[in-house]
file input_14.txt (compact mmCIF, C-alpha atoms)
# COMPACT_ATOMS: atom_id res chain seq x y z
CA CYS L 1 -4.35 14.96 -51.87
CA ARG L 2 -4.12 11.21 -52.64
CA ALA L 3 -2.97 11.45 -56.25
CA VAL L 4 0.61 10.21 -56.03
CA LEU L 5 3.19 10.11 -58.79
CA PRO L 6 4.13 6.69 -60.22
CA THR L 7 7.01 4.97 -58.44
CA SER L 8 9.39 5.44 -61.36
CA ARG L 9 9.02 9.21 -61.08
CA LEU L 10 9.30 9.20 -57.31
CA LEU L 11 12.64 7.43 -57.59
CA ARG L 12 14.02 10.17 -59.80
CA LEU L 13 13.22 12.68 -57.05
CA ARG L 14 15.87 11.39 -54.64
CA GLY L 15 15.89 14.53 -52.54
CA CYS L 16 12.13 14.87 -52.32
CA GLY L 17 9.39 13.68 -50.09
CA SER L 18 6.29 12.03 -51.50
CA VAL L 19 5.17 14.51 -54.13
CA CYS L 20 1.53 14.68 -55.17
CA VAL L 21 0.42 15.42 -58.71
CA CYS L 22 -1.06 18.66 -57.45
CA GLY L 23 2.47 19.74 -56.45
CA LYS L 24 2.09 19.51 -52.68
CA ARG L 25 4.94 18.07 -50.66
CA GLY L 26 3.20 15.70 -48.28
CA ALA L 27 5.55 13.04 -46.97
CA MET L 28 6.41 14.64 -43.66
CA ALA L 29 2.82 15.48 -42.90
CA ALA L 30 1.76 12.00 -43.97
CA ASN L 31 4.29 10.51 -41.61
CA GLY L 32 2.73 12.54 -38.81
CA ARG L 33 5.79 14.45 -37.63
CA ALA L 34 7.53 17.73 -38.19
CA ALA L 35 10.74 18.03 -40.18
CA GLU L 36 12.88 18.14 -37.06
CA GLY L 37 11.61 14.72 -35.86
CA GLY L 38 13.80 11.82 -37.06
CA ALA L 39 15.84 11.99 -40.23
CA ASP L 40 15.61 15.16 -42.24
CA SER L 41 13.84 14.09 -45.43
CA SER L 42 14.48 17.45 -47.15
CA GLN L 43 18.17 16.70 -47.62
CA ASP L 44 19.41 15.12 -50.82
CA ASP L 45 21.87 12.82 -49.08
CA LEU L 46 19.51 10.06 -47.95
CA CYS L 47 20.21 6.39 -48.46
CA LEU L 48 17.32 4.79 -50.36
CA LEU L 49 16.18 1.41 -49.05
CA ALA L 50 13.70 -0.60 -51.13
CA VAL L 51 11.24 -2.97 -49.46
CA PRO L 52 8.54 -5.16 -51.07
CA LYS L 53 5.26 -3.24 -50.84
CA LYS L 54 3.12 -6.38 -50.46
CA GLY L 55 3.13 -10.11 -51.03
CA ARG L 56 4.81 -13.03 -49.31
CA LEU L 57 7.98 -11.11 -48.34
CA TYR L 58 6.35 -7.93 -47.01
CA GLU L 59 5.67 -8.87 -43.37
CA LYS L 60 9.02 -10.66 -42.93
CA CYS L 61 10.91 -7.64 -44.27
CA LEU L 62 9.06 -5.28 -41.92
CA GLU L 63 9.90 -7.56 -39.00
CA LEU L 64 13.55 -7.51 -40.05
CA LEU L 65 13.66 -3.70 -40.31
CA LYS L 66 12.06 -3.35 -36.88
CA GLY L 67 14.66 -5.74 -35.45
CA VAL L 68 17.57 -3.65 -36.77
CA GLY L 69 16.19 -0.32 -35.56
CA VAL L 70 14.90 1.05 -38.86
CA SER L 71 11.68 2.47 -37.46
CA PHE L 72 9.24 4.52 -39.51
CA THR L 73 5.59 5.39 -39.95
CA ARG L 74 4.03 4.59 -43.31
CA ALA L 75 0.92 6.58 -44.09
CA ALA L 76 -1.98 4.94 -45.92
CA ARG L 77 -1.42 4.65 -49.68
CA GLN L 78 2.07 6.15 -49.42
CA ASP L 79 5.01 4.32 -51.01
CA ILE L 80 7.67 6.37 -49.22
CA ALA L 81 8.51 6.68 -45.52
CA PHE L 82 11.40 8.18 -43.56
CA CYS L 83 13.42 6.42 -40.88
CA ASP L 84 13.10 8.06 -37.45
CA SER L 85 16.70 7.51 -36.37
CA LEU L 86 18.85 7.13 -39.50
CA PRO L 87 19.24 9.15 -42.73
CA ILE L 88 17.29 6.58 -44.71
CA LYS L 89 14.31 6.88 -47.04
CA ILE L 90 12.29 3.68 -47.34
CA VAL L 91 10.69 3.08 -50.73
CA PHE L 92 7.97 0.44 -51.08
CA LEU L 93 8.14 -1.25 -54.48
CA PRO L 94 6.90 -4.40 -56.17
CA ALA L 95 9.43 -7.12 -55.28
CA LYS L 96 9.99 -7.74 -58.99
CA ASP L 97 11.19 -4.15 -59.52
CA ILE L 98 13.60 -3.89 -56.60
CA ALA L 99 16.54 -5.71 -58.21
CA GLN L 100 16.18 -3.59 -61.35
CA PHE L 101 16.14 -0.29 -59.43
CA VAL L 102 19.07 -1.28 -57.20
CA GLY L 103 21.08 -2.42 -60.21
CA GLU L 104 20.40 0.80 -62.10
CA GLY L 105 21.32 2.96 -59.11
CA ASN L 106 17.86 4.43 -58.42
CA VAL L 107 17.96 2.72 -55.02
CA ASP L 108 21.03 2.07 -52.85
CA ILE L 109 20.01 -1.09 -51.00
CA GLY L 110 17.03 -3.43 -51.11
CA LEU L 111 15.39 -6.65 -49.98
CA THR L 112 14.13 -9.05 -52.62
CA GLY L 113 14.32 -12.67 -53.78
CA GLN L 114 17.31 -14.24 -55.49
CA ASP L 115 14.91 -15.26 -58.25
CA MET L 116 14.07 -11.60 -58.87
CA VAL L 117 17.77 -10.70 -59.02
CA ALA L 118 18.49 -13.48 -61.50
CA GLU L 119 15.49 -12.51 -63.65
CA ALA L 120 16.48 -8.83 -63.73
CA GLN L 121 20.00 -9.70 -64.97
CA VAL L 122 21.56 -6.69 -63.27
CA ASN L 123 24.86 -6.08 -61.51
CA VAL L 124 24.23 -5.93 -57.75
CA LYS L 125 26.09 -6.98 -54.62
CA GLU L 126 24.44 -9.78 -52.65
CA LEU L 127 25.22 -8.78 -49.07
CA ILE L 128 23.27 -11.23 -46.90
CA LYS L 129 21.08 -14.29 -47.28
CA THR L 130 18.23 -13.77 -44.81
CA GLY L 131 17.02 -17.37 -44.58
CA PHE L 132 13.36 -16.46 -45.10
CA GLY L 133 11.19 -16.51 -48.22
CA ARG L 134 12.72 -19.81 -49.32
CA CYS L 135 11.10 -21.50 -52.29
CA LYS L 136 11.81 -23.02 -55.71
CA LEU L 137 11.41 -21.69 -59.20
CA ALA L 138 10.16 -24.80 -60.92
CA VAL L 139 8.69 -26.18 -64.12
CA LEU L 140 5.16 -27.33 -63.30
CA ALA L 141 2.94 -29.47 -65.51
CA PRO L 142 -0.57 -30.90 -65.07
CA ALA L 143 -0.40 -34.06 -62.96
CA LYS L 144 -2.84 -35.75 -65.34
CA ASP L 145 -0.31 -35.44 -68.18
CA GLU L 146 2.24 -37.48 -66.19
CA VAL L 147 5.24 -35.53 -67.49
CA LYS L 148 8.29 -37.18 -65.91
CA ASP L 149 11.10 -35.66 -67.97
CA VAL L 150 11.30 -31.90 -68.54
CA LYS L 151 12.74 -32.60 -72.02
CA ASP L 152 9.29 -33.84 -73.01
CA LEU L 153 8.12 -30.20 -72.78
CA VAL L 154 10.48 -29.03 -75.55
CA GLY L 155 8.41 -27.50 -78.34
CA LYS L 156 5.44 -26.97 -76.00
CA ARG L 157 3.84 -23.77 -74.69
CA ILE L 158 5.22 -22.50 -71.36
CA ALA L 159 3.61 -19.66 -69.39
CA THR L 160 5.59 -17.74 -66.78
CA SER L 161 6.22 -14.40 -65.12
CA PHE L 162 9.98 -15.18 -65.30
CA PRO L 163 10.60 -14.98 -69.07
CA GLN L 164 14.38 -14.45 -68.89
CA LEU L 165 15.12 -17.41 -66.64
CA THR L 166 12.60 -19.61 -68.40
CA THR L 167 13.98 -18.78 -71.85
CA ALA L 168 17.55 -19.49 -70.72
CA PHE L 169 16.48 -22.81 -69.18
CA PHE L 170 14.57 -24.04 -72.25
CA ASP L 171 17.15 -22.73 -74.75
CA GLU L 172 19.54 -25.43 -73.49
CA LEU L 173 16.85 -28.10 -73.74
CA ASP L 174 15.80 -26.89 -77.21
CA ALA L 175 19.38 -27.27 -78.43
CA SER L 176 19.50 -30.86 -77.20
CA ARG L 177 16.17 -31.75 -78.82
CA ALA L 178 16.30 -29.49 -81.90
CA GLY L 179 12.99 -27.95 -80.94
CA THR L 180 11.60 -24.50 -80.20
CA THR L 181 9.71 -24.00 -76.95
CA ARG L 182 7.28 -21.10 -76.92
CA ILE L 183 7.55 -18.91 -73.81
CA ARG L 184 4.55 -16.77 -72.93
CA ASN L 185 5.05 -13.95 -70.40
CA ILE L 186 2.05 -13.43 -68.14
CA SER L 187 1.67 -11.73 -64.77
CA GLY L 188 -0.46 -13.09 -61.96
CA SER L 189 -2.28 -16.42 -61.62
CA VAL L 190 0.35 -18.23 -63.68
CA GLU L 191 -0.78 -21.56 -62.23
CA ALA L 192 -4.17 -21.12 -63.95
CA ALA L 193 -2.65 -20.98 -67.46
CA CYS L 194 -2.78 -24.73 -68.08
CA GLY L 195 -6.38 -25.05 -66.94
CA LEU L 196 -7.38 -22.19 -69.25
CA GLY L 197 -5.68 -23.83 -72.22
CA LEU L 198 -3.06 -21.08 -72.51
CA ALA L 199 -0.08 -23.32 -71.85
CA ASP L 200 1.07 -26.94 -71.62
CA ALA L 201 3.19 -26.18 -68.55
CA VAL L 202 4.23 -23.22 -66.42
CA VAL L 203 7.32 -21.94 -64.64
CA ASP L 204 6.41 -20.49 -61.27
CA LEU L 205 7.47 -20.23 -57.64
CA TRP L 206 6.73 -23.24 -55.42
CA GLU L 207 6.77 -22.54 -51.69
CA THR L 208 4.24 -24.83 -50.02
CA GLY L 209 2.72 -26.00 -53.30
CA THR L 210 -0.82 -25.43 -52.06
CA THR L 211 -1.94 -23.20 -54.94
CA ALA L 212 -0.19 -25.26 -57.61
CA LYS L 213 -1.63 -28.53 -56.31
CA ALA L 214 -5.09 -26.99 -56.24
CA ALA L 215 -4.61 -26.20 -59.93
CA GLY L 216 -3.63 -29.81 -60.59
CA LEU L 217 0.07 -29.09 -61.13
CA GLU L 218 3.18 -30.95 -60.00
CA ILE L 219 6.91 -30.26 -60.20
CA VAL L 220 8.70 -31.65 -63.25
CA SER L 221 12.03 -29.89 -62.74
CA THR L 222 13.57 -27.23 -60.48
CA ILE L 223 15.28 -24.30 -62.19
CA LEU L 224 16.67 -22.71 -59.01
CA THR L 225 16.16 -22.43 -55.26
CA THR L 226 15.75 -18.95 -53.86
CA GLU L 227 15.43 -16.97 -50.65
CA THR L 228 15.23 -13.31 -49.67
CA VAL L 229 18.55 -11.48 -49.89
CA VAL L 230 19.88 -8.03 -49.10
CA ILE L 231 21.38 -6.44 -52.20
CA SER L 232 23.11 -3.14 -52.88
CA ASN L 233 24.27 -1.08 -55.81
CA PRO L 234 28.05 -1.55 -56.25
CA HIS L 235 28.47 2.14 -57.15
CA SER L 236 26.35 3.65 -54.38
CA GLU L 237 27.63 6.78 -52.65
CA HIS L 238 26.13 5.56 -49.35
CA ASN L 239 28.58 2.77 -48.58
CA ARG L 240 28.90 3.68 -44.90
CA MET L 241 25.15 3.45 -44.35
CA ILE L 242 24.94 0.26 -46.42
CA ASP L 243 27.71 -1.28 -44.31
CA LEU L 244 25.95 -0.22 -41.10
CA LEU L 245 22.72 -1.85 -42.26
CA ARG L 246 24.61 -4.97 -43.33
CA LYS L 247 26.19 -5.33 -39.86
CA ARG L 248 22.87 -4.74 -38.11
CA ILE L 249 21.01 -7.23 -40.28
CA ASP L 250 23.76 -9.82 -39.97
CA GLY L 251 23.70 -9.47 -36.17
CA TYR L 252 19.92 -9.61 -35.94
CA LEU L 253 19.70 -12.75 -38.10
CA LEU L 254 22.49 -14.39 -36.08
CA ALA L 255 20.53 -13.66 -32.89
CA LYS L 256 17.33 -15.14 -34.34
CA GLN L 257 19.14 -18.35 -35.28
CA ASN L 258 20.98 -18.81 -31.99
CA ALA L 259 20.50 -18.81 -28.21
CA MET L 260 22.80 -18.68 -25.19
CA ILE L 261 23.03 -21.78 -23.02
CA TYR L 262 24.41 -21.66 -19.48
CA TYR L 263 25.25 -24.53 -17.14
CA ASN L 264 27.49 -25.69 -14.32
CA VAL L 265 29.79 -28.63 -14.94
CA PRO L 266 32.55 -30.46 -13.04
CA ARG L 267 35.94 -29.04 -14.03
CA GLU L 268 37.17 -32.54 -14.94
CA LYS L 269 34.46 -32.74 -17.62
CA LEU L 270 35.10 -29.32 -19.22
CA GLU L 271 36.72 -30.73 -22.36
CA GLU L 272 33.78 -33.06 -22.98
CA ALA L 273 31.37 -30.17 -22.37
CA PHE L 274 33.25 -28.02 -24.90
CA LYS L 275 32.66 -30.67 -27.56
CA ILE L 276 28.91 -30.40 -26.95
CA THR L 277 28.90 -26.58 -26.78
CA PRO L 278 31.91 -25.28 -28.74
CA GLY L 279 30.30 -21.83 -29.06
CA LYS L 280 30.85 -19.43 -31.91
CA LYS L 281 34.53 -19.05 -31.02
CA LYS L 282 35.07 -20.45 -27.52
CA PRO L 283 32.74 -20.96 -24.54
CA THR L 284 32.94 -18.53 -21.63
CA VAL L 285 34.15 -20.28 -18.47
CA THR L 286 33.71 -18.79 -14.98
CA PRO L 287 35.14 -20.38 -11.82
CA LEU L 288 32.72 -21.11 -8.98
CA ALA L 289 33.20 -20.97 -5.20
CA ASP L 290 33.67 -24.72 -5.38
CA ASP L 291 36.96 -25.05 -7.29
CA SER L 292 35.93 -28.43 -8.67
CA TRP L 293 33.08 -26.84 -10.67
CA CYS L 294 32.83 -24.21 -13.42
CA ALA L 295 30.01 -22.17 -14.97
CA VAL L 296 29.94 -22.27 -18.77
CA GLY L 297 28.14 -20.08 -21.30
CA ALA L 298 28.05 -20.67 -25.05
CA MET L 299 26.09 -19.69 -28.15
CA VAL L 300 24.23 -22.59 -29.78
CA LEU L 301 21.82 -23.00 -32.67
CA THR L 302 18.26 -22.58 -31.44
CA LYS L 303 17.07 -25.68 -33.28
CA THR L 304 19.61 -27.84 -31.41
CA VAL L 305 18.90 -26.55 -27.89
CA ASN L 306 16.90 -29.51 -26.59
CA ASP L 307 19.36 -32.11 -27.87
CA ILE L 308 22.26 -30.16 -26.33
CA MET L 309 20.51 -29.89 -22.97
CA ASP L 310 19.96 -33.67 -22.97
CA GLN L 311 23.64 -34.31 -23.73
CA LEU L 312 24.84 -31.92 -21.03
CA HIS L 313 22.52 -33.47 -18.46
CA GLU L 314 23.87 -36.95 -19.29
CA LEU L 315 27.39 -35.60 -18.90
CA GLY L 316 26.61 -34.47 -15.36
CA ALA L 317 26.02 -30.75 -15.92
CA THR L 318 23.50 -29.03 -13.66
CA ASP L 319 21.51 -25.78 -13.52
CA ILE L 320 21.14 -25.78 -17.33
CA PHE L 321 19.13 -22.93 -18.79
CA VAL L 322 18.70 -21.15 -22.13
CA VAL L 323 18.34 -17.44 -22.89
CA ASP L 324 16.89 -16.17 -26.18
CA LEU L 325 18.89 -13.51 -28.03
CA ILE L 326 17.17 -10.34 -29.23
CA ASN L 327 20.12 -8.94 -31.15
CA CYS L 328 23.90 -9.25 -31.34
CA ARG L 329 27.00 -8.35 -33.34
CA SER L 330 29.29 -11.06 -34.63

call {"tool": "encode", "arguments": {"input": "input_14.txt", "output": "C-alpha cells"}}
result
Amino acid sequence: CRAVLPTSRLLRLRGCGSVCVCGKRGAMAANGRAAEGGADSSQDDLCLLAVPKKGRLYEKCLELLKGVGVSFTRAARQDIAFCDSLPIKIVFLPAKDIAQFVGEGNVDIGLTGQDMVAEAQVNVKELIKTGFGRCKLAVLAPAKDEVKDVKDLVGKRIATSFPQLTTAFFDELDASRAGTTRIRNISGSVEAACGLGLADAVVDLWETGTTAKAAGLEIVSTILTTETVVISNPHSEHNRMIDLLRKRIDGYLLAKQNAMIYYNVPREKLEEAFKITPGKKKPTVTPLADDSWCAVGAMVLTKTVNDIMDQLHELGATDIFVVDLINCRS
C-alpha cells in the first residue's frame, strides 16, 4: 500500500513504523529487512532525527549522516527509515518544518538552516554549525528600479516565504519612516513575485544568486546570514543519543576541514617548524636514527596545506606529505 499518513500524524506515532492508511505496518518491510536486523523499530524508545526530505540541504545532510555511521535504507515514497546500528528513527521532513517539530518536542534532533530556526521562533539548542548550506536571507528588488536604500521600500509590497523575519525587519524600518509595509506570505518561486506584479520587492534566500539575477533582482539589504545547523529539543529524553551524535558530527566535520601533515626537519629548526604547524594542541615529534633530525606530524587546515608545504620546504624540511582524514574525535 502506498497511501501514507501525513507527516504530522506520523510524528505522533513515536513508537510506530510507517503506518499506511489501510492500517498495515510497513516500515520494516519497506526497509527490506526483518525486525532483528539493525535497530528495533517496534520499541517506543527511539531517538527521532529529522532530515530535510529534499532541496538544497538534502544531499549534504545524507553525506553527513553516512560519515557519522548513521546508515539506513529509505524505501521509495517513505518518509521514515530506521538506522541499522543505532536506536534512531530518521524522519524526512520539509526543511521549514524541522525547527518547529524539534522545538515542540515531536522530534529530538534535526538538521536545518539557521534561517528556518529563526523563522519558527522556537526554543531549541543549536549544537553544531556544519559549515554547509551557507547563504543570505536578503531583501531583493528589481535592478531596474535602482533601489539603493532599503528604507525606500517602506510602505511598499514585500513578498516572502519568511513572514516572521520579514515583518520584524520592516517593523523597525516602518517606525523610523512612519509607514506601513505590506508583507505577503507566499511559498515557492518568490523571486517571480516582482515580475508578476505581486510585489515591489521580495525577501528570499541568496546562495549563488543565479535564480534571482535571472529574475532581474539584486540585493538591497541582508537580513541575516545562515548555514545548516544541528539542533535539539532542550527537554528531550534522549540526551545520551543526542550527545553521541553531536560528538560524531563534530569529529566528522573536523576531519573534513583538516588534514595531517608529516615531515622531517633538523632538530635545530623545530621551534620554527612549530610556528608553521602548531597543530590542534601540539605537534607530535618522533626522534629519528640521526639524532640531529626529527619527524613531525600535525593537524592543519586543508585549505592551507599547499602554503604550509611551501613554508616547510623553505625552512629545510624534507619528505613532506599530507594524509586526508576520514573521521576523528576532538

call {"tool": "closest_residue", "arguments": {"input": "input_14.txt", "among": "L:Asp152, L:Val285, L:Leu140, L:Arg182", "to": "Thr211 (chain L)", "atoms": "all atoms listed in the file"}}
result
L:Leu140

call {"tool": "closest_residue", "arguments": {"input": "input_14.txt", "among": "L:Lys151, L:Lys89, L:Arg246, L:His238", "to": "Arg74 (chain L)", "atoms": "all atoms listed in the file"}}
result
L:Lys89

call {"tool": "closest_residue", "arguments": {"input": "input_14.txt", "among": "L:Arg157, L:Lys213, L:Lys282, L:Lys66", "to": "Lys144 (chain L)", "atoms": "only C-alpha atoms"}}
result
L:Lys213

call {"tool": "closest_residue", "arguments": {"input": "input_14.txt", "among": "L:Gly297, L:Pro163, L:Gly209, L:Pro87", "to": "Asp45 (chain L)", "atoms": "all atoms listed in the file"}}
result
L:Pro87

call {"tool": "residues_around", "arguments": {"input": "input_14.txt", "residues": "Gly179 (chain L)", "least_positions_apart": "3", "cutoff": "10 Å", "atoms": "only C-alpha atoms", "output": "list of chain:residue names"}}
result
L:Leu153, L:Val154, L:Gly155, L:Lys156, L:Phe170, L:Asp171, L:Leu173, L:Asp174, L:Ala175, L:Ser176, L:Arg182

call {"tool": "residues_around", "arguments": {"input": "input_14.txt", "residues": "region 250-252 of chain L", "least_positions_apart": "5", "cutoff": "7 Å", "atoms": "only C-alpha atoms", "output": "mmCIF file with C-alpha atoms, in the coordinates of the input"}}
result
data_model
loop_
_atom_site.group_PDB
_atom_site.id
_atom_site.type_symbol
_atom_site.label_atom_id
_atom_site.label_comp_id
_atom_site.auth_asym_id
_atom_site.auth_seq_id
_atom_site.Cartn_x
_atom_site.Cartn_y
_atom_site.Cartn_z
ATOM 1 C CA GLY L 67 14.660 -5.740 -35.450
ATOM 2 C CA VAL L 68 17.570 -3.650 -36.770
ATOM 3 C CA ASN L 327 20.120 -8.940 -31.150
ATOM 4 C CA CYS L 328 23.900 -9.250 -31.340
ATOM 5 C CA ARG L 329 27.000 -8.350 -33.340
ATOM 6 C CA SER L 330 29.290 -11.060 -34.630
#

call {"tool": "axis_aligned_box", "arguments": {"input": "input_14.txt", "around": "region 72-88 of chain L", "padding_each_side": "6 Å", "output": "JSON"}}
result
{"center_x": 8.6, "center_y": 6.7, "center_z": -43.7, "size_x": 33.2, "size_y": 16.8, "size_z": 26.6}

call {"tool": "closest_residue", "arguments": {"input": "input_14.txt", "among": "L:Val230, L:Leu64, L:Ile80, L:Leu245", "to": "Val124 (chain L)", "atoms": "all atoms listed in the file"}}
result
L:Val230

call {"tool": "atom_distance", "arguments": {"input": "input_14.txt", "atom1": "CA of Thr112 (chain L)", "atom2": "CA of Asp97 (chain L)"}}
result
9.0 Å

call {"tool": "atom_distance", "arguments": {"input": "input_14.txt", "atom1": "CA of Met299 (chain L)", "atom2": "CA of Gly279 (chain L)"}}
result
4.8 Å

call {"tool": "build_atoms", "arguments": {"input": "input_14.txt", "residues": "region 201-211 of chain L", "atoms": "all heavy atoms", "output": "compact mmCIF listing (two decimals), in the frame of the given file"}}
result
# COMPACT_ATOMS: atom_id res chain seq x y z
N ALA L 201 2.51 -26.13 -69.83
CA ALA L 201 3.19 -26.18 -68.55
C ALA L 201 3.49 -24.74 -68.14
O ALA L 201 3.38 -23.82 -68.96
CB ALA L 201 4.47 -27.00 -68.63
N VAL L 202 3.90 -24.56 -66.89
CA VAL L 202 4.23 -23.22 -66.42
C VAL L 202 5.54 -23.26 -65.66
O VAL L 202 5.99 -24.32 -65.21
CB VAL L 202 3.13 -22.64 -65.50
CG1 VAL L 202 1.79 -22.58 -66.21
CG2 VAL L 202 3.01 -23.43 -64.19
N VAL L 203 6.17 -22.11 -65.53
CA VAL L 203 7.32 -21.94 -64.64
C VAL L 203 6.91 -20.92 -63.60
O VAL L 203 6.58 -19.78 -63.93
CB VAL L 203 8.57 -21.45 -65.42
CG1 VAL L 203 9.68 -21.06 -64.44
CG2 VAL L 203 9.06 -22.54 -66.36
N ASP L 204 6.90 -21.35 -62.33
CA ASP L 204 6.41 -20.49 -61.27
C ASP L 204 7.10 -20.85 -59.96
O ASP L 204 7.76 -21.88 -59.86
CB ASP L 204 4.89 -20.64 -61.14
CG ASP L 204 4.23 -19.45 -60.45
OD1 ASP L 204 4.92 -18.42 -60.26
OD2 ASP L 204 3.03 -19.53 -60.11
N LEU L 205 6.90 -19.98 -58.96
CA LEU L 205 7.47 -20.23 -57.64
C LEU L 205 6.65 -21.28 -56.90
O LEU L 205 5.43 -21.27 -56.93
CB LEU L 205 7.51 -18.94 -56.82
CG LEU L 205 8.47 -17.86 -57.33
CD1 LEU L 205 8.32 -16.59 -56.50
CD2 LEU L 205 9.92 -18.34 -57.31
N TRP L 206 7.36 -22.18 -56.21
CA TRP L 206 6.73 -23.24 -55.42
C TRP L 206 7.26 -23.11 -54.00
O TRP L 206 8.42 -23.37 -53.72
CB TRP L 206 7.10 -24.60 -56.03
CG TRP L 206 6.59 -25.80 -55.28
CD1 TRP L 206 7.03 -26.27 -54.07
CD2 TRP L 206 5.57 -26.72 -55.70
NE1 TRP L 206 6.35 -27.41 -53.72
CE2 TRP L 206 5.45 -27.71 -54.70
CE3 TRP L 206 4.76 -26.80 -56.83
CZ2 TRP L 206 4.55 -28.76 -54.80
CZ3 TRP L 206 3.86 -27.85 -56.93
CH2 TRP L 206 3.75 -28.82 -55.92
N GLU L 207 6.39 -22.68 -53.10
CA GLU L 207 6.77 -22.54 -51.69
C GLU L 207 6.20 -23.70 -50.90
O GLU L 207 6.89 -24.62 -50.51
CB GLU L 207 6.29 -21.20 -51.14
CG GLU L 207 6.86 -20.86 -49.78
CD GLU L 207 6.59 -19.43 -49.37
OE1 GLU L 207 5.80 -18.74 -50.04
OE2 GLU L 207 7.16 -19.00 -48.34
N THR L 208 4.90 -23.69 -50.67
CA THR L 208 4.24 -24.83 -50.02
C THR L 208 3.58 -25.73 -51.05
O THR L 208 3.27 -26.89 -50.75
CB THR L 208 3.17 -24.33 -49.04
OG1 THR L 208 2.15 -23.62 -49.76
CG2 THR L 208 3.78 -23.39 -48.01
N GLY L 209 3.36 -25.21 -52.25
CA GLY L 209 2.72 -26.00 -53.30
C GLY L 209 1.22 -26.05 -53.23
O GLY L 209 0.57 -26.68 -54.08
N THR L 210 0.62 -25.36 -52.26
CA THR L 210 -0.82 -25.43 -52.06
C THR L 210 -1.59 -24.95 -53.29
O THR L 210 -2.50 -25.63 -53.78
CB THR L 210 -1.24 -24.59 -50.83
OG1 THR L 210 -0.54 -25.07 -49.69
CG2 THR L 210 -2.73 -24.70 -50.59
N THR L 211 -1.23 -23.77 -53.79
CA THR L 211 -1.94 -23.20 -54.94
C THR L 211 -1.74 -24.04 -56.20
O THR L 211 -2.68 -24.29 -56.95
CB THR L 211 -1.46 -21.76 -55.20
OG1 THR L 211 -1.60 -20.99 -54.01
CG2 THR L 211 -2.27 -21.11 -56.32
